[in-house]
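S.K.: Below you will find the structure I want to go over with you.
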Amino acid sequence: MSPTKSPHRRLFALLASSALVAGAGLFAVSSPAQADPGPPPSSMASMGDSITRGFNACGFYFDCTSRSFSTGSDSGINSHYLRIRAKNSAINGKNYNQAASGAKADDMPGQATTTVSRNPQYVTILIGANDACTSSESSMTAVGTFRGYLDTALNTLKSGLPNAKVAVISIPDIKRLWEVGRTSGTARTAWSLFGICKSMLANPTSTSAADNARRDRVRQRVVDFNAQLAQACAAYGPNCDFDDNAVFNYPFSFNQVSGWDYFHPNAAGQAALAQASYAAGFNW
């Protein structure tokens, strides 16, 4: 994540998902909403946060874009890029990762501008985990604010890339991360030591009514963000496809989470994210 971001933003990323949010297992794979996606694209770009950057997917605390579910080149991940390249070799080398570790919704307008300059035919967007995974519940991004930044970014893409296909991917269920990791002492130590996603992961062993209610409210914020992603994509028009919450619903497992921070998806998690999000998207 960007060194200019706060520590928890640098750590976060989704799946969640995510990194794990990013979540491994999150997806109930759904059919593509786009009936006729057209031919496989000859170039692509990705927008988002540390999940899309592959943070902690191949080493200790650094981006690993080769293992990105979206634009990665690692054959073990079988990213969107590699799946498309198998159908259209013209995309070879034209996989631009414009995401930034630590990014939130307010970074999307800038990423959209940079993405337009690449002139890709296909764009993936996975954003929102860092807007819910914050230092406290009170510091989560407001739903209306989230939507405002998203609309600005999508308007930039639609204006600058009128013919490009845009895949909007749901935020992983970050409560799932707490569910699969709370019994692990090493996970709890990492969450505490690095201050990871305190809004959800603080007091991980507590079963008090107050802590359970807090976790449910944070999860609801992710649900609300995903609803805005769906609505914004629908308003964009037929060139935009939302994954119908495939990633949010995917039941990722503990072994799909990075052993470095117990938050971001590891290689297995990135592979699961690639499969779920691609199948629920344009699915060339």
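Order determines the names: the first chain of the structure tokens is A, the second B, and so forth; residues in each chain are numbered 1 upward, and ligands are numbered 1 upward as they are shown.
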I need the alpha helix (DSSP H) residues of stretch 128-234 of chain A per DSSP on the backbone, written as a PyMOL selection string.
M.R.: chain A and resi 129-132+143-160+174-181+185-193+198-201+209-234
S.K.: Could you make a table, as a Markdown table, of the residues of stretch 146-181 of chain A that have an atom within 12 Å of an atom of stretch 70-75 of chain A, each with its nearest atom pair and distance in Å to one decimal, counting only C-alpha atoms, in chain and number order?
M.R.:
| residue | atom | partner | partner_atom | distance |
| --- | --- | --- | --- | --- |
| A:Ala167 | CA | A:Ser70 | CA | 10.3 |
| A:Val168 | CA | A:Ser70 | CA | 11.6 |
| A:Ile169 | CA | A:Ser70 | CA | 10.6 |
S.K.: May I ask which of the residues A:Tyr81, A:Tyr149, A:Tyr122, A:Phe248 is the closest one to A:Pro109, counting only C-alpha atoms?
M.R.: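 Closest residue, counting only C-alpha atoms: A:Tyr149.
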S.K.: Can you work out which one of A:Ser68, A:Thr52, A:Thr145, A:Thr134 has the shortest atom-to-atom distance to A:Phe225, counting only C-alpha atoms?
M.R.: A:Thr145
S.K.: Identify, on the basis of only C-alpha atoms, every residue whose closest approach to A:Gly148 does not exceed 12 Å; exclude the query and any residue fewer than 2 positions from it along the same chain; express the result as a list in words.
M.R.: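 Final neighbour list, sorted by chain and number: Ala105, Asp106, Asp107, Met108, Pro109, Thr141, Ala142, Val143, Gly144, Thr145, Phe146, Leu150, Asp151, Thr152, Ala153, Leu154, Asn155, Phe225, Gln228, Leu229 and Ala232 of chain A.
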S.K.: Restricting it to N, CA, C and O atoms, dump the selection as a JSON list (two decimals), in the first residue's frame.
M.R.:
[["chain", "number", "residue", "atom", "x", "y", "z"],
["A", 105, "ALA", "N", -12.44, 4.78, -1.95],
["A", 105, "ALA", "CA", -13.30, 5.30, -3.01],
["A", 105, "ALA", "C", -12.83, 6.67, -3.49],
["A", 105, "ALA", "O", -12.95, 6.98, -4.69],
["A", 106, "ASP", "N", -12.28, 7.48, -2.60],
["A", 106, "ASP", "CA", -11.86, 8.82, -3.01],
["A", 106, "ASP", "C", -10.66, 8.81, -3.95],
["A", 106, "ASP", "O", -10.32, 9.82, -4.55],
["A", 107, "ASP", "N", -10.02, 7.65, -4.10],
["A", 107, "ASP", "CA", -8.92, 7.52, -5.05],
["A", 107, "ASP", "C", -9.39, 7.11, -6.44],
["A", 107, "ASP", "O", -8.61, 7.11, -7.39],
["A", 108, "MET", "N", -10.65, 6.72, -6.56],
["A", 108, "MET", "CA", -11.14, 6.21, -7.84],
["A", 108, "MET", "C", -11.18, 7.24, -8.97],
["A", 108, "MET", "O", -10.86, 6.91, -10.12],
["A", 109, "PRO", "N", -11.57, 8.48, -8.71],
["A", 109, "PRO", "CA", -11.54, 9.45, -9.81],
["A", 109, "PRO", "C", -10.16, 9.60, -10.43],
["A", 109, "PRO", "O", -10.01, 9.64, -11.66],
["A", 141, "THR", "N", -16.28, 5.21, 5.65],
["A", 141, "THR", "CA", -16.80, 6.15, 4.66],
["A", 141, "THR", "C", -18.32, 6.11, 4.63],
["A", 141, "THR", "O", -18.93, 5.03, 4.67],
["A", 142, "ALA", "N", -18.94, 7.28, 4.56],
["A", 142, "ALA", "CA", -20.41, 7.35, 4.46],
["A", 142, "ALA", "C", -20.85, 6.79, 3.11],
["A", 142, "ALA", "O", -20.15, 6.94, 2.11],
["A", 143, "VAL", "N", -22.01, 6.17, 3.09],
["A", 143, "VAL", "CA", -22.48, 5.53, 1.86],
["A", 143, "VAL", "C", -22.64, 6.55, 0.73],
["A", 143, "VAL", "O", -22.25, 6.30, -0.41],
["A", 144, "GLY", "N", -23.21, 7.71, 1.03],
["A", 144, "GLY", "CA", -23.39, 8.72, 0.00],
["A", 144, "GLY", "C", -22.07, 9.25, -0.54],
["A", 144, "GLY", "O", -21.94, 9.52, -1.74],
["A", 145, "THR", "N", -21.10, 9.38, 0.34],
["A", 145, "THR", "CA", -19.77, 9.83, -0.09],
["A", 145, "THR", "C", -19.13, 8.80, -1.00],
["A", 145, "THR", "O", -18.54, 9.13, -2.04],
["A", 146, "PHE", "N", -19.26, 7.55, -0.62],
["A", 146, "PHE", "CA", -18.74, 6.44, -1.43],
["A", 146, "PHE", "C", -19.33, 6.50, -2.84],
["A", 146, "PHE", "O", -18.61, 6.43, -3.84],
["A", 150, "LEU", "N", -17.56, 7.16, -6.62],
["A", 150, "LEU", "CA", -17.75, 6.11, -7.62],
["A", 150, "LEU", "C", -18.36, 6.67, -8.90],
["A", 150, "LEU", "O", -17.89, 6.37, -10.01],
["A", 151, "ASP", "N", -19.38, 7.50, -8.75],
["A", 151, "ASP", "CA", -20.02, 8.08, -9.93],
["A", 151, "ASP", "C", -19.05, 8.96, -10.72],
["A", 151, "ASP", "O", -19.04, 8.94, -11.95],
["A", 152, "THR", "N", -18.25, 9.72, -10.00],
["A", 152, "THR", "CA", -17.26, 10.56, -10.68],
["A", 152, "THR", "C", -16.30, 9.71, -11.50],
["A", 152, "THR", "O", -15.99, 10.02, -12.66],
["A", 153, "ALA", "N", -15.83, 8.63, -10.91],
["A", 153, "ALA", "CA", -14.89, 7.75, -11.60],
["A", 153, "ALA", "C", -15.54, 7.09, -12.82],
["A", 153, "ALA", "O", -14.95, 7.04, -13.91],
["A", 154, "LEU", "N", -16.76, 6.60, -12.65],
["A", 154, "LEU", "CA", -17.44, 5.93, -13.76],
["A", 154, "LEU", "C", -17.77, 6.91, -14.88],
["A", 154, "LEU", "O", -17.70, 6.56, -16.07],
["A", 155, "ASN", "N", -18.11, 8.15, -14.51],
["A", 155, "ASN", "CA", -18.37, 9.15, -15.55],
["A", 155, "ASN", "C", -17.12, 9.44, -16.36],
["A", 155, "ASN", "O", -17.18, 9.65, -17.59],
["A", 225, "PHE", "N", -22.45, -0.58, 0.50],
["A", 225, "PHE", "CA", -21.51, -0.20, -0.56],
["A", 225, "PHE", "C", -21.77, -1.04, -1.81],
["A", 225, "PHE", "O", -21.78, -0.53, -2.93],
["A", 228, "GLN", "N", -24.62, 0.15, -3.78],
["A", 228, "GLN", "CA", -24.28, 1.33, -4.57],
["A", 228, "GLN", "C", -23.47, 0.96, -5.81],
["A", 228, "GLN", "O", -23.66, 1.54, -6.89],
["A", 229, "LEU", "N", -22.59, -0.02, -5.67],
["A", 229, "LEU", "CA", -21.83, -0.49, -6.83],
["A", 229, "LEU", "C", -22.78, -1.04, -7.89],
["A", 229, "LEU", "O", -22.63, -0.76, -9.09],
["A", 232, "ALA", "N", -24.83, 1.92, -9.45],
["A", 232, "ALA", "CA", -24.01, 2.78, -10.31],
["A", 232, "ALA", "C", -23.68, 2.07, -11.61],
["A", 232, "ALA", "O", -23.66, 2.70, -12.67]]
S.K.: Using only C-alpha atoms, can you tell me which of A:Thr114, A:Ser199, A:Asn163, A:Ser138 comes closest to A:Asp211?
M.R.: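 With only C-alpha atoms as the atom set, the closest residue is A:Ser199.
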S.K.: Could you go through stretch 143-211 of chain A and tell me which residues DSSP, when run on the backbone, assigns to strand (DSSP E), listing them as a VMD selection string?
M.R.: chain A and resid 165 to 168
S.K.: Take the residues that were just selected and, keeping all heavy atoms, output them as an mmCIF file, in the first residue's frame.
M.R.:
data_model
loop_
_atom_site.group_PDB
_atom_site.id
_atom_site.type_symbol
_atom_site.label_atom_id
_atom_site.label_comp_id
_atom_site.auth_asym_id
_atom_site.auth_seq_id
_atom_site.Cartn_x
_atom_site.Cartn_y
_atom_site.Cartn_z
ATOM 1 N N LYS A 165 -15.591 -2.168 -21.924
ATOM 2 C CA LYS A 165 -16.393 -2.938 -20.984
ATOM 3 C C LYS A 165 -15.829 -2.719 -19.584
ATOM 4 O O LYS A 165 -14.609 -2.722 -19.392
ATOM 5 C CB LYS A 165 -16.346 -4.429 -21.322
ATOM 6 C CG LYS A 165 -16.818 -4.771 -22.736
ATOM 7 C CD LYS A 165 -18.279 -4.449 -22.938
ATOM 8 C CE LYS A 165 -18.742 -4.902 -24.323
ATOM 9 N NZ LYS A 165 -20.158 -4.523 -24.573
ATOM 10 N N VAL A 166 -16.719 -2.539 -18.622
ATOM 11 C CA VAL A 166 -16.307 -2.278 -17.247
ATOM 12 C C VAL A 166 -16.926 -3.330 -16.330
ATOM 13 O O VAL A 166 -18.147 -3.498 -16.302
ATOM 14 C CB VAL A 166 -16.752 -0.874 -16.785
ATOM 15 C CG1 VAL A 166 -16.352 -0.644 -15.327
ATOM 16 C CG2 VAL A 166 -16.150 0.204 -17.691
ATOM 17 N N ALA A 167 -16.083 -4.046 -15.603
ATOM 18 C CA ALA A 167 -16.554 -5.055 -14.651
ATOM 19 C C ALA A 167 -16.422 -4.495 -13.241
ATOM 20 O O ALA A 167 -15.311 -4.216 -12.777
ATOM 21 C CB ALA A 167 -15.742 -6.327 -14.786
ATOM 22 N N VAL A 168 -17.541 -4.312 -12.575
ATOM 23 C CA VAL A 168 -17.559 -3.827 -11.198
ATOM 24 C C VAL A 168 -17.750 -5.039 -10.287
ATOM 25 O O VAL A 168 -18.731 -5.777 -10.418
ATOM 26 C CB VAL A 168 -18.680 -2.793 -10.985
ATOM 27 C CG1 VAL A 168 -18.764 -2.392 -9.517
ATOM 28 C CG2 VAL A 168 -18.439 -1.562 -11.861
#
S.K.: Between A:Ala103, A:Cys240, A:Val257, A:Ala86, which has the minimum distance to A:Ser50 (counting only C-alpha atoms)?
M.R.: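 Ranked by minimum distance to A:Ser50, first place goes to A:Ala103.
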S.K.: One number please: atom CA of A:Arg217 to atom CA of A:Met140, in Å, one decimal.
M.R.: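 Interatomic distance, atom CA of A:Arg217 to atom CA of A:Met140: 10.7 Å.
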S.K.: Using Å and a single decimal, report how far atom CA of A:Ala227 sits from atom CA of A:Lys198.
M.R.: 23.1 Å
